[in-house]
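Asks: I am sharing final_4.tsv, which consists of TSV, C-alpha atoms and all ligand atoms:
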chain	number	residue	atom	x	y	z
A	1414	MET	CA	9.01	-13.43	-8.62
A	1415	GLU	CA	9.50	-13.58	-4.87
A	1416	LEU	CA	7.16	-11.59	-2.67
A	1417	SER	CA	8.46	-9.01	-0.20
A	1418	LYS	CA	9.52	-10.19	3.25
A	1419	ARG	CA	7.03	-7.71	4.64
A	1420	VAL	CA	4.09	-9.32	2.93
A	1421	GLN	CA	5.31	-12.84	3.62
A	1422	ALA	CA	5.22	-12.06	7.33
A	1423	ILE	CA	1.46	-11.61	7.23
A	1424	LYS	CA	-0.42	-14.82	7.81
A	1425	PRO	CA	-3.67	-15.47	6.01
A	1426	SER	CA	-6.47	-14.93	8.48
A	1427	PRO	CA	-7.58	-18.16	10.19
A	1428	THR	CA	-11.10	-16.70	10.10
A	1429	LEU	CA	-11.03	-16.91	6.34
A	1430	ALA	CA	-10.74	-20.70	6.33
A	1431	VAL	CA	-13.99	-21.16	8.24
A	1432	THR	CA	-15.75	-18.32	6.43
A	1433	ALA	CA	-14.72	-19.70	3.05
A	1434	ARG	CA	-15.91	-23.17	4.00
A	1435	ALA	CA	-19.21	-21.76	5.27
A	1436	ALA	CA	-19.70	-19.95	1.96
A	1437	ARG	CA	-18.92	-23.12	0.01
A	1438	LEU	CA	-21.36	-25.23	2.04
A	1439	LYS	CA	-24.04	-22.58	1.55
A	1440	ALA	CA	-23.40	-22.50	-2.20
A	1441	GLU	CA	-23.85	-26.28	-2.22
A	1442	GLY	CA	-27.31	-25.68	-0.79
A	1443	LYS	CA	-26.50	-26.65	2.85
A	1444	ASP	CA	-28.46	-24.92	5.58
A	1445	ILE	CA	-25.81	-22.86	7.41
A	1446	ILE	CA	-26.42	-20.24	10.10
A	1447	GLY	CA	-23.56	-17.74	10.05
A	1448	LEU	CA	-22.48	-16.16	13.31
A	1449	GLY	CA	-19.24	-14.77	11.94
A	1450	ALA	CA	-20.42	-11.29	10.97
A	1451	GLY	CA	-18.50	-8.32	12.34
A	1452	GLU	CA	-21.08	-5.72	11.47
A	1453	PRO	CA	-24.52	-4.62	12.73
A	1454	ASP	CA	-27.41	-6.31	10.95
A	1455	PHE	CA	-29.32	-3.00	11.00
A	1456	ASP	CA	-29.63	-0.60	8.10
A	1457	THR	CA	-27.91	2.82	8.18
A	1458	PRO	CA	-30.47	5.28	9.68
A	1459	GLN	CA	-32.59	7.08	7.08
A	1460	HIS	CA	-31.50	10.66	7.90
A	1461	ILE	CA	-27.87	9.68	7.28
A	1462	LYS	CA	-28.71	8.12	3.91
A	1463	ASP	CA	-30.77	11.17	2.96
A	1464	ALA	CA	-27.82	13.49	3.65
A	1465	ALA	CA	-25.61	11.38	1.39
A	1466	VAL	CA	-28.17	11.38	-1.43
A	1467	ALA	CA	-28.46	15.18	-1.12
A	1468	ALA	CA	-24.64	15.45	-1.28
A	1469	ILE	CA	-24.62	13.53	-4.56
A	1470	GLN	CA	-27.45	15.65	-5.96
A	1471	ARG	CA	-25.67	18.91	-5.19
A	1472	GLY	CA	-22.49	17.62	-6.80
A	1473	PHE	CA	-20.37	17.12	-3.70
A	1474	THR	CA	-18.51	14.39	-5.57
A	1475	LYS	CA	-14.96	15.63	-5.93
A	1476	TYR	CA	-11.69	15.30	-3.98
A	1477	THR	CA	-11.79	16.82	-0.52
A	1478	ALA	CA	-8.91	17.76	1.77
A	1479	VAL	CA	-6.91	14.55	2.41
A	1480	GLY	CA	-7.57	14.54	6.14
A	1481	GLY	CA	-11.30	15.26	5.97
A	1482	THR	CA	-13.70	18.12	5.23
A	1483	PRO	CA	-13.82	21.06	7.68
A	1484	GLY	CA	-17.47	20.19	8.36
A	1485	LEU	CA	-16.73	16.62	9.38
A	1486	LYS	CA	-13.66	17.62	11.40
A	1487	ASN	CA	-15.81	20.11	13.31
A	1488	ALA	CA	-18.41	17.40	13.95
A	1489	ILE	CA	-15.66	15.14	15.32
A	1490	ILE	CA	-14.24	17.92	17.52
A	1491	ALA	CA	-17.75	18.55	18.89
A	1492	LYS	CA	-18.31	14.82	19.45
A	1493	PHE	CA	-15.08	14.47	21.46
A	1494	LYS	CA	-16.01	17.47	23.57
A	1495	ARG	CA	-19.66	16.48	24.11
A	1496	GLU	CA	-19.27	12.76	24.71
A	1497	ASN	CA	-15.75	12.34	26.04
A	1498	GLY	CA	-14.76	15.71	27.50
A	1499	PHE	CA	-11.65	15.91	25.25
A	1500	ASP	CA	-10.38	19.10	23.59
A	1501	TYR	CA	-8.94	18.85	20.10
A	1502	THR	CA	-8.27	21.30	17.27
A	1503	ALA	CA	-8.64	20.57	13.55
A	1504	GLY	CA	-4.90	19.88	13.19
A	1505	GLN	CA	-5.24	17.04	15.68
A	1506	ILE	CA	-7.96	15.21	13.74
A	1507	LEU	CA	-7.65	12.80	10.80
A	1508	VAL	CA	-10.52	11.21	8.90
A	1509	SER	CA	-9.69	7.95	7.13
A	1510	CYS	CA	-11.33	5.20	5.08
A	1511	GLY	CA	-12.49	3.23	8.11
A	1512	GLY	CA	-11.04	2.59	11.55
A	1513	LYS	CA	-8.74	0.01	9.98
A	1514	GLN	CA	-6.99	2.66	7.89
A	1515	SER	CA	-6.66	4.91	10.96
A	1516	PHE	CA	-4.74	2.16	12.77
A	1517	PHE	CA	-2.72	1.39	9.62
A	1518	ASN	CA	-1.71	5.06	9.20
A	1519	LEU	CA	-0.79	5.31	12.86
A	1520	THR	CA	1.33	2.17	12.89
A	1521	LEU	CA	3.16	3.12	9.70
A	1522	SER	CA	3.83	6.57	11.13
A	1523	VAL	CA	5.35	5.56	14.47
A	1524	ILE	CA	6.81	2.05	14.16
A	1525	ASN	CA	10.37	1.37	13.02
A	1526	PRO	CA	11.60	-2.15	12.21
A	1527	GLY	CA	11.95	-4.10	15.46
A	1528	ASP	CA	9.85	-1.73	17.58
A	1529	GLU	CA	7.56	-3.59	19.96
A	1530	VAL	CA	3.82	-3.05	20.15
A	1531	ILE	CA	1.98	-4.45	23.17
A	1532	ILE	CA	-1.35	-5.99	22.17
A	1533	PRO	CA	-3.62	-7.63	24.76
A	1534	ALA	CA	-5.21	-10.92	23.62
A	1535	PRO	CA	-7.86	-11.68	22.64
A	1536	TYR	CA	-7.31	-8.93	20.09
A	1537	TRP	CA	-8.92	-7.55	16.97
A	1538	VAL	CA	-7.37	-9.65	14.17
A	1539	SER	CA	-5.83	-6.72	12.30
A	1540	TYR	CA	-3.59	-5.27	15.03
A	1541	PRO	CA	-0.73	-7.81	14.86
A	1542	ASP	CA	-0.71	-8.06	11.08
A	1543	ILE	CA	-0.67	-4.29	10.59
A	1544	VAL	CA	2.26	-4.12	13.05
A	1545	LEU	CA	4.01	-6.81	10.97
A	1546	ILE	CA	3.46	-4.81	7.77
A	1547	ALA	CA	5.27	-1.94	9.51
A	1548	GLU	CA	8.04	-4.46	10.39
A	1549	GLY	CA	7.31	-4.03	14.08
A	1550	LYS	CA	7.04	-6.83	16.62
A	1551	PRO	CA	3.65	-7.62	18.17
A	1552	VAL	CA	4.07	-8.47	21.87
A	1553	ILE	CA	0.96	-10.37	22.90
A	1554	VAL	CA	-0.22	-10.24	26.52
A	1555	GLU	CA	-2.84	-12.88	27.22
A	1556	ALA	CA	-5.96	-12.40	29.30
A	1557	GLY	CA	-8.32	-15.37	29.54
A	1558	ILE	CA	-11.87	-15.74	30.76
A	1559	GLU	CA	-10.71	-16.07	34.40
A	1560	GLN	CA	-9.60	-12.43	34.35
A	1561	GLY	CA	-12.54	-11.19	32.28
A	1562	PHE	CA	-10.30	-10.95	29.19
A	1563	LYS	CA	-8.64	-7.83	30.62
A	1564	ILE	CA	-4.91	-7.52	31.27
A	1565	THR	CA	-3.66	-6.34	34.64
A	1566	ALA	CA	-1.26	-3.50	35.39
A	1567	ALA	CA	1.33	-6.09	36.49
A	1568	GLN	CA	1.07	-7.90	33.15
A	1569	LEU	CA	1.52	-4.62	31.28
A	1570	GLU	CA	4.55	-3.69	33.39
A	1571	ARG	CA	6.16	-7.08	32.69
A	1572	ALA	CA	5.65	-6.73	28.92
A	1573	ILE	CA	7.34	-3.32	28.66
A	1574	THR	CA	10.93	-3.15	27.40
A	1575	PRO	CA	13.10	-0.27	26.15
A	1576	LYS	CA	11.92	-1.26	22.64
A	1577	THR	CA	8.22	-0.83	23.41
A	1578	ARG	CA	6.88	1.90	21.17
A	1579	MET	CA	3.10	1.53	21.41
A	1580	PHE	CA	0.41	0.00	23.62
A	1581	VAL	CA	-2.97	-0.84	22.08
A	1582	ILE	CA	-6.13	-0.95	24.13
A	1583	ASN	CA	-9.59	-1.79	22.77
A	1584	SER	CA	-12.54	-1.40	25.12
A	1585	PRO	CA	-15.29	-2.50	24.56
A	1586	SER	CA	-13.37	-5.33	22.99
A	1587	ASN	CA	-13.83	-7.20	19.77
A	1588	PRO	CA	-13.89	-10.18	20.29
A	1589	SER	CA	-14.22	-10.56	24.06
A	1590	GLY	CA	-16.97	-8.05	24.89
A	1591	GLY	CA	-14.86	-7.00	27.88
A	1592	VAL	CA	-14.95	-3.39	29.09
A	1593	TYR	CA	-12.25	-1.91	31.32
A	1594	THR	CA	-13.52	-0.01	34.37
A	1595	LEU	CA	-12.22	3.44	35.26
A	1596	ASP	CA	-10.13	1.94	38.07
A	1597	GLU	CA	-8.63	-0.71	35.81
A	1598	LEU	CA	-7.73	1.98	33.28
A	1599	LYS	CA	-6.21	4.10	36.05
A	1600	ALA	CA	-3.99	1.19	37.04
A	1601	LEU	CA	-2.81	0.70	33.44
A	1602	GLY	CA	-2.36	4.47	33.09
A	1603	GLU	CA	-0.16	4.54	36.21
A	1604	VAL	CA	2.17	1.99	34.63
A	1605	LEU	CA	2.33	3.94	31.38
A	1606	LEU	CA	3.11	7.19	33.20
A	1607	GLY	CA	6.32	5.54	34.33
A	1608	HIS	CA	7.36	4.83	30.71
A	1609	PRO	CA	7.29	8.08	28.73
A	1610	HIS	CA	8.61	6.40	25.55
A	1611	ILE	CA	5.32	4.58	24.94
A	1612	LEU	CA	2.53	5.87	22.73
A	1613	ILE	CA	-1.00	4.78	23.61
A	1614	ALA	CA	-3.54	3.81	20.94
A	1615	THR	CA	-7.04	3.53	22.36
A	1616	ASP	CA	-9.46	1.93	19.89
A	1617	ASP	CA	-12.92	3.10	20.94
A	1618	MET	CA	-14.74	1.72	17.90
A	1619	TYR	CA	-17.42	0.08	20.08
A	1620	GLU	CA	-17.88	3.06	22.42
A	1621	HIS	CA	-21.61	3.24	21.73
A	1622	ILE	CA	-22.27	-0.49	21.82
A	1623	LEU	CA	-22.10	-0.52	25.60
A	1624	LEU	CA	-24.27	-3.36	26.91
A	1625	SER	CA	-23.67	-3.00	30.64
A	1626	GLU	CA	-24.85	-0.10	32.77
A	1627	GLY	CA	-22.60	2.91	33.18
A	1628	LYS	CA	-20.91	5.48	31.03
A	1629	PHE	CA	-18.17	4.86	28.48
A	1630	VAL	CA	-14.66	5.74	29.66
A	1631	ASN	CA	-11.27	5.34	28.02
A	1632	ILE	CA	-7.72	5.56	29.31
A	1633	LEU	CA	-7.58	9.36	28.83
A	1634	ASN	CA	-10.58	9.80	31.12
A	1635	ALA	CA	-8.75	7.70	33.68
A	1636	CYS	CA	-5.36	9.29	33.18
A	1637	PRO	CA	-5.53	12.75	31.51
A	1638	ALA	CA	-1.75	13.15	31.88
A	1639	LEU	CA	-1.37	10.71	28.95
A	1640	TYR	CA	-3.03	13.19	26.55
A	1641	PRO	CA	0.25	14.30	24.84
A	1642	ARG	CA	1.03	10.70	23.82
A	1643	THR	CA	-2.36	9.13	23.20
A	1644	VAL	CA	-4.16	8.63	19.90
A	1645	VAL	CA	-7.91	8.05	20.20
A	1646	LEU	CA	-9.29	5.92	17.36
A	1647	ASN	CA	-12.98	5.77	16.59
A	1648	GLY	CA	-15.39	5.68	13.65
A	1649	VAL	CA	-18.97	5.54	12.52
A	1650	SER	CA	-18.94	1.93	11.27
A	1651	LYS	CA	-20.41	0.16	14.30
A	1652	ALA	CA	-22.35	2.88	16.14
A	1653	TYR	CA	-24.40	3.97	13.13
A	1654	ALA	CA	-24.42	0.70	11.16
A	1655	MET	CA	-22.18	2.29	8.50
A	1656	THR	CA	-19.53	-0.39	7.84
A	1657	GLY	CA	-19.78	0.00	4.07
A	1658	TRP	CA	-19.36	3.77	4.06
A	1659	ARG	CA	-15.73	3.46	5.22
A	1660	ILE	CA	-15.25	6.35	7.62
A	1661	GLY	CA	-12.97	6.14	10.64
A	1662	TYR	CA	-11.43	9.01	12.52
A	1663	CYS	CA	-8.83	9.67	15.16
A	1664	ALA	CA	-7.38	12.42	17.32
A	1665	GLY	CA	-3.97	12.88	18.87
A	1666	PRO	CA	-0.73	14.85	18.93
A	1667	ALA	CA	-0.58	17.16	15.89
A	1668	HIS	CA	2.83	15.93	14.62
A	1669	ILE	CA	1.63	12.32	14.60
A	1670	ILE	CA	-1.65	13.24	12.93
A	1671	THR	CA	0.26	15.16	10.24
A	1672	ALA	CA	2.50	12.15	9.60
A	1673	MET	CA	-0.57	9.90	9.37
A	1674	GLU	CA	-2.15	12.31	6.91
A	1675	ASN	CA	1.01	12.15	4.79
A	1676	VAL	CA	0.80	8.35	4.71
A	1677	GLN	CA	-2.85	8.60	3.70
A	1678	SER	CA	-2.08	11.23	1.05
A	1679	GLN	CA	0.19	8.70	-0.67
A	1680	SER	CA	-2.24	5.80	-0.47
A	1681	THR	CA	-5.97	6.55	-0.66
A	1682	SER	CA	-6.11	10.37	-0.48
A	1683	ASN	CA	-9.37	11.56	1.09
A	1684	PRO	CA	-12.16	9.21	2.19
A	1685	ALA	CA	-15.21	9.33	-0.12
A	1686	SER	CA	-16.71	12.84	-0.13
A	1687	ILE	CA	-20.27	11.47	0.09
A	1688	SER	CA	-19.43	9.22	3.04
A	1689	GLN	CA	-17.93	12.19	4.86
A	1690	VAL	CA	-21.22	14.09	4.56
A	1691	ALA	CA	-23.03	11.00	5.87
A	1692	ALA	CA	-20.63	10.73	8.82
A	1693	GLU	CA	-21.01	14.44	9.63
A	1694	THR	CA	-24.78	13.97	9.71
A	1695	ALA	CA	-24.41	10.88	11.92
A	1696	LEU	CA	-22.23	12.72	14.47
A	1697	ASN	CA	-24.19	15.99	14.50
A	1698	GLY	CA	-27.65	14.43	14.23
A	1699	ASP	CA	-30.08	12.88	16.67
A	1700	GLN	CA	-28.25	10.15	18.58
A	1701	SER	CA	-31.42	8.29	19.50
A	1702	CYS	CA	-31.02	6.12	16.37
A	1703	ILE	CA	-28.37	4.15	18.30
A	1704	THR	CA	-30.69	3.18	21.17
A	1705	PRO	CA	-32.87	0.53	19.47
A	1706	MET	CA	-29.79	-1.21	18.09
A	1707	VAL	CA	-28.12	-1.36	21.49
A	1708	GLU	CA	-31.36	-2.58	23.07
A	1709	ALA	CA	-31.57	-5.43	20.55
A	1710	PHE	CA	-27.91	-6.34	21.18
A	1711	ARG	CA	-28.57	-6.42	24.94
A	1712	GLN	CA	-31.49	-8.80	24.57
A	1713	ARG	CA	-29.56	-11.09	22.22
A	1714	ASN	CA	-26.50	-10.93	24.49
A	1715	ARG	CA	-28.52	-12.34	27.39
A	1716	PHE	CA	-30.09	-15.04	25.24
A	1717	VAL	CA	-26.82	-16.20	23.65
A	1718	THR	CA	-24.88	-16.19	26.93
A	1719	ASP	CA	-27.53	-18.20	28.78
A	1720	ALA	CA	-27.83	-20.67	25.92
A	1721	LEU	CA	-24.03	-21.14	25.70
A	1722	ASN	CA	-23.72	-21.67	29.44
A	1723	GLY	CA	-26.41	-24.37	29.17
A	1724	ILE	CA	-24.17	-26.46	26.90
A	1725	ALA	CA	-21.81	-28.92	28.61
A	1726	GLY	CA	-18.17	-27.89	28.31
A	1727	ILE	CA	-18.87	-24.29	27.22
A	1728	ARG	CA	-18.52	-21.26	29.45
A	1729	CYS	CA	-19.34	-17.69	28.54
A	1730	LEU	CA	-19.39	-14.32	30.30
A	1731	LEU	CA	-22.15	-11.82	29.61
A	1732	SER	CA	-20.57	-9.34	27.20
A	1733	GLU	CA	-20.34	-5.79	28.50
A	1734	GLY	CA	-19.90	-4.24	25.08
A	1735	ALA	CA	-19.71	-4.84	21.29
A	1736	PHE	CA	-21.88	-7.57	19.75
A	1737	TYR	CA	-19.96	-10.77	20.25
A	1738	ALA	CA	-20.02	-13.67	22.70
A	1739	PHE	CA	-16.54	-15.08	23.33
A	1740	ALA	CA	-17.00	-18.54	24.79
A	1741	ASP	CA	-14.48	-20.79	26.48
A	1742	ALA	CA	-14.87	-24.13	24.66
A	1743	ARG	CA	-11.79	-25.88	26.04
A	1744	GLU	CA	-13.73	-28.55	27.92
A	1745	ALA	CA	-16.01	-29.28	24.99
A	1746	ILE	CA	-13.00	-29.46	22.65
A	1747	ALA	CA	-11.18	-31.88	24.96
A	1748	ARG	CA	-14.26	-34.09	25.26
A	1749	LEU	CA	-14.87	-34.24	21.50
A	1750	HIS	CA	-11.21	-34.94	20.87
A	1751	GLY	CA	-11.22	-37.66	23.53
A	1752	ASN	CA	-14.22	-39.26	21.79
A	1753	GLY	CA	-12.46	-39.11	18.44
A	1754	MET	CA	-15.04	-36.69	17.02
A	1755	ILE	CA	-12.52	-34.03	15.97
A	1756	LYS	CA	-9.10	-34.54	14.44
A	1757	ASP	CA	-7.09	-32.49	16.91
A	1758	ARG	CA	-7.55	-30.53	20.08
A	1759	SER	CA	-7.88	-27.13	18.44
A	1760	ASP	CA	-10.58	-24.50	18.21
A	1761	ILE	CA	-10.23	-24.66	14.41
A	1762	ALA	CA	-11.14	-28.37	14.38
A	1763	PHE	CA	-13.98	-27.61	16.80
A	1764	SER	CA	-15.31	-24.77	14.60
A	1765	GLU	CA	-15.13	-27.05	11.54
A	1766	TYR	CA	-17.12	-29.67	13.46
A	1767	LEU	CA	-19.78	-27.09	14.40
A	1768	LEU	CA	-19.98	-26.02	10.78
A	1769	GLU	CA	-20.05	-29.42	9.13
A	1770	GLN	CA	-22.07	-31.42	11.66
A	1771	GLY	CA	-24.17	-28.61	13.12
A	1772	GLY	CA	-24.51	-26.11	10.29
A	1773	VAL	CA	-23.32	-23.23	12.50
A	1774	ALA	CA	-20.45	-20.94	11.46
A	1775	VAL	CA	-18.42	-19.38	14.29
A	1776	VAL	CA	-14.90	-17.93	14.37
A	1777	PRO	CA	-12.19	-19.89	16.23
A	1778	GLY	CA	-10.59	-17.99	19.12
A	1779	SER	CA	-7.08	-18.60	17.80
A	1780	ALA	CA	-7.85	-16.01	15.10
A	1781	PHE	CA	-7.88	-13.50	17.96
A	1782	GLY	CA	-4.87	-14.95	19.76
A	1783	SER	CA	-6.90	-17.04	22.24
A	1784	GLU	CA	-6.78	-20.78	21.53
A	1785	GLY	CA	-9.68	-22.81	22.90
A	1786	TYR	CA	-12.38	-20.17	22.50
A	1787	ILE	CA	-15.00	-19.41	19.84
A	1788	ARG	CA	-16.54	-16.09	18.86
A	1789	LEU	CA	-20.23	-15.88	18.03
A	1790	SER	CA	-21.60	-12.65	16.63
A	1791	PHE	CA	-25.05	-11.66	17.80
A	1792	ALA	CA	-25.38	-9.04	15.11
A	1793	THR	CA	-28.04	-11.20	13.52
A	1794	ALA	CA	-31.77	-11.79	13.97
A	1795	MET	CA	-32.99	-13.49	17.14
A	1796	SER	CA	-34.49	-16.30	15.02
A	1797	ASN	CA	-31.01	-17.09	13.64
A	1798	LEU	CA	-29.56	-17.08	17.15
A	1799	GLU	CA	-32.29	-19.41	18.43
A	1800	GLY	CA	-31.70	-21.72	15.49
A	1801	ALA	CA	-27.90	-21.71	15.90
A	1802	LEU	CA	-27.87	-22.22	19.67
A	1803	GLY	CA	-30.48	-24.98	19.35
A	1804	ARG	CA	-28.28	-26.77	16.84
A	1805	MET	CA	-25.21	-26.40	19.05
A	1806	ALA	CA	-27.08	-27.70	22.09
A	1807	ARG	CA	-28.27	-30.78	20.20
A	1808	LEU	CA	-24.85	-31.44	18.69
A	1809	LEU	CA	-22.86	-31.00	21.90
A	1810	GLY	CA	-25.58	-31.98	24.38
B	1901	LIG	N1	-11.43	-1.66	15.58
B	1901	LIG	C1	-12.11	-2.76	15.96
B	1901	LIG	C2	-11.92	-3.26	17.34
B	1901	LIG	C3	-12.94	-3.43	15.07
B	1901	LIG	O1	-13.61	-4.53	15.46
B	1901	LIG	C4	-13.06	-2.92	13.75
B	1901	LIG	C5	-13.91	-3.62	12.76
B	1901	LIG	O2	-14.20	-4.78	12.83
B	1901	LIG	C6	-12.35	-1.78	13.41
B	1901	LIG	C7	-11.54	-1.18	14.35
B	1901	LIG	C8	-12.36	-1.18	12.03
B	1901	LIG	O3	-13.56	-0.74	11.61
B	1901	LIG	P1	-13.77	-0.14	10.16
B	1901	LIG	O4	-12.49	-0.17	9.42
B	1901	LIG	O5	-14.80	-1.01	9.51
B	1901	LIG	O6	-14.25	1.27	10.38
Let me see the structure of the file written as structure tokens.
Ligand code: PLP
Replies:
Amino acid sequence: MELSKRVQAIKPSPTLAVTARAARLKAEGKDIIGLGAGEPDFDTPQHIKDAAVAAIQRGFTKYTAVGGTPGLKNAIIAKFKRENGFDYTAGQILVSCGGKQSFFNLTLSVINPGDEVIIPAPYWVSYPDIVLIAEGKPVIVEAGIEQGFKITAAQLERAITPKTRMFVINSPSNPSGGVYTLDELKALGEVLLGHPHILIATDDMYEHILLSEGKFVNILNACPALYPRTVVLNGVSKAYAMTGWRIGYCAGPAHIITAMENVQSQSTSNPASISQVAAETALNGDQSCITPMVEAFRQRNRFVTDALNGIAGIRCLLSEGAFYAFADAREAIARLHGNGMIKDRSDIAFSEYLLEQGGVAVVPGSAFGSEGYIRLSFATAMSNLEGALGRMARLLG
């Protein structure tokens, strides 16, 4: 039986190849240090867990409203007001099973076959494939290390066509760690103001993992006039170390949110009732639980970046947000290929070499649309990072 064209358009994730090989080598008893993780290595804070246990004990274990409980929606409305200065009503909020489902619901709700979606690269791996599931066309705009992994207003302007339906922006970025400044966002906002047919999706999932000084801002702070056509995506997964609880949320124009809720009502229905109580506690509770995590990420960020820049042929910027180092390995790849150490001049071959000869698992940049780079997660203990960077230095030294 032939599979649908829709599903055939989705490529298997290139990250999976390396991850699967890392798992196999580990199972064979090899000593592998994994730097592929996309989640905090910290535990969910105790007060959040306690609230979930209490929810189970009092029997809060049934279906809820599809789009989220009133309590959680109110917590989200208060969060947007308190932290971002945005005003939303309950009809403009949707709670989903993770940030990934929020983006999925959005894309399915607004994209028709052939509609173009502008996605800056390096990008979070799921954006293009979710657009393909909706039979849209991902339009990739590349931003390399020389421009801090951030696209310019001129690049955005050039990518826009009459078929452009959505523009996706993710700051702080997974994988690059780049953070757009208010002025950079203003410049992008100016371009978008000239094209009223484009919806803006701002993915603020790493809002709280801000490693540089300064306050978090997104494109709506820079350009409030975009409010009627912007959807703000966020969630509790990264900020509160809650990846397994599966709660994402978003806010935007009521008719789009209603459509997204309809999509969700015919797929998963409501997110887990218990997780919603946990998320409500996370958003309403003491925010100081985030600080020690961010402090640890800052310290590891400095260590990893310095260590990478000490290796010949590798160049890395200090990440301004999220918990990844995105290193330019093009010189190292060319050298190894020239010496016949790797089979081709690709970041996949390079990552395989690091894994098999060095025992270090990283994710090749091509998975994120940026060939020649590697992503290292520093959401792991300092001892693992010291071990991994030591191995890489010896192998590539
Ligand atoms: N957005 C970005 C940029 C991410 O990196 C992730 C997770 O890796 C998500 C959204 C989705 O998060 P989740 O579905 O785990 O809430």
Asks: Kindly compile the residues surrounding ligand LIG 1901 (chain B) within 6 Å, counting all atoms listed in the file, and format them as a list in words.
Replies: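 The distance check yields Gly1451, Gly1511, Gly1512, Lys1513, Trp1537, Asn1587, Asp1616, Met1618, Gly1648, Ser1650, Thr1656, Arg1659, Ile1660 and Gly1661 of chain A.
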Asks: Skip Gly1734 in chain A itself and residues of its chain fewer than 4 positions away, then list as number ranges by chain all residues within 8 Å of it, counting all atoms listed in the file.
Replies: A: 1584-1586, 1590-1592, 1619, 1622-1625
Asks: As an exercise, work out the distance from CA of Pro1458 in chain A to CA of Tyr1653 in chain A in Å and give it to one decimal place.
Replies: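 About the pair CA of Pro1458 in chain A and CA of Tyr1653 in chain A: they are 7.1 Å apart.
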Asks: What's around Cys1510 in chain A at 10 Å? Count all atoms listed in the file, leave out sequence neighbours fewer than 6 positions away in its own chain, and write the answer as a JSON list (two decimals) with C-alpha atoms, in the frame of the given file.
Replies:
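selection-v7.json was written with the following content:
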[["chain", "number", "residue", "atom", "x", "y", "z"],
["A", 1648, "GLY", "CA", -15.39, 5.68, 13.65],
["A", 1657, "GLY", "CA", -19.78, 0.00, 4.07],
["A", 1658, "TRP", "CA", -19.36, 3.77, 4.06],
["A", 1659, "ARG", "CA", -15.73, 3.46, 5.22],
["A", 1660, "ILE", "CA", -15.25, 6.35, 7.62],
["A", 1661, "GLY", "CA", -12.97, 6.14, 10.64],
["A", 1662, "TYR", "CA", -11.43, 9.01, 12.52],
["A", 1677, "GLN", "CA", -2.85, 8.60, 3.70],
["A", 1681, "THR", "CA", -5.97, 6.55, -0.66],
["A", 1682, "SER", "CA", -6.11, 10.37, -0.48],
["A", 1683, "ASN", "CA", -9.37, 11.56, 1.09],
["A", 1684, "PRO", "CA", -12.16, 9.21, 2.19],
["A", 1685, "ALA", "CA", -15.21, 9.33, -0.12],
["A", 1688, "SER", "CA", -19.43, 9.22, 3.04],
["A", 1689, "GLN", "CA", -17.93, 12.19, 4.86]]
Asks: Figure out the distance between CA of Ser1686 in chain A and CA of Leu1485 in chain A, please, to one decimal in Å.
Replies: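 Separating CA of Leu1485 in chain A from CA of Ser1686 in chain A is a distance of 10.2 Å.
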Asks: Just the residues within 9 Å of Asn1487 in chain A, please, counting only C-alpha atoms, with nothing from its chain fewer than 5 positions along; format it as a ChimeraX atom specification.
Replies: /A:1482,1492,1502-1503,1693
Asks: Point out the residue among A:Ile1423, A:His1668, A:Ala1652, A:Ser1790 with the least atom-to-atom distance to Thr1457 in chain A, counting only C-alpha atoms.
Replies: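 Residue with the minimum atom-to-atom distance to Thr1457 in chain A: A:Ala1652.
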Asks: Nearest residue to Phe1516 in chain A out of A:Thr1577, A:Thr1615, A:Ser1764, A:Thr1793, using all atoms listed in the file?
Replies: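 For Phe1516 in chain A, the nearest of the candidates is A:Thr1615.
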Asks: Quick one: pull the distance between CA of Leu1507 in chain A and CA of Glu1452 in chain A, Å, one decimal.
Replies: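 Rounded to one decimal, the two atoms are 22.9 Å apart.
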Asks: Once you count only C-alpha atoms, which residues end up no further than 8 Å from (-25.5, -3.4, 13.6) in the file's frame, shown as an MDAnalysis selection string?
Replies: chainID A and resid 1452:1456 1651:1654 1706 1792
Asks: Residues around (-25.4, -31.0, 18.1), cut-off 10 Å, counting all atoms listed in the file - what are they as a JSON list (two decimals) with C-alpha atoms, keeping the file's coordinate frame?
Replies:
[["chain", "number", "residue", "atom", "x", "y", "z"],
["A", 1724, "ILE", "CA", -24.17, -26.46, 26.90],
["A", 1766, "TYR", "CA", -17.12, -29.67, 13.46],
["A", 1767, "LEU", "CA", -19.78, -27.09, 14.40],
["A", 1770, "GLN", "CA", -22.07, -31.42, 11.66],
["A", 1771, "GLY", "CA", -24.17, -28.61, 13.12],
["A", 1772, "GLY", "CA", -24.51, -26.11, 10.29],
["A", 1773, "VAL", "CA", -23.32, -23.23, 12.50],
["A", 1801, "ALA", "CA", -27.90, -21.71, 15.90],
["A", 1802, "LEU", "CA", -27.87, -22.22, 19.67],
["A", 1803, "GLY", "CA", -30.48, -24.98, 19.35],
["A", 1804, "ARG", "CA", -28.28, -26.77, 16.84],
["A", 1805, "MET", "CA", -25.21, -26.40, 19.05],
["A", 1806, "ALA", "CA", -27.08, -27.70, 22.09],
["A", 1807, "ARG", "CA", -28.27, -30.78, 20.20],
["A", 1808, "LEU", "CA", -24.85, -31.44, 18.69],
["A", 1809, "LEU", "CA", -22.86, -31.00, 21.90],
["A", 1810, "GLY", "CA", -25.58, -31.98, 24.38]]
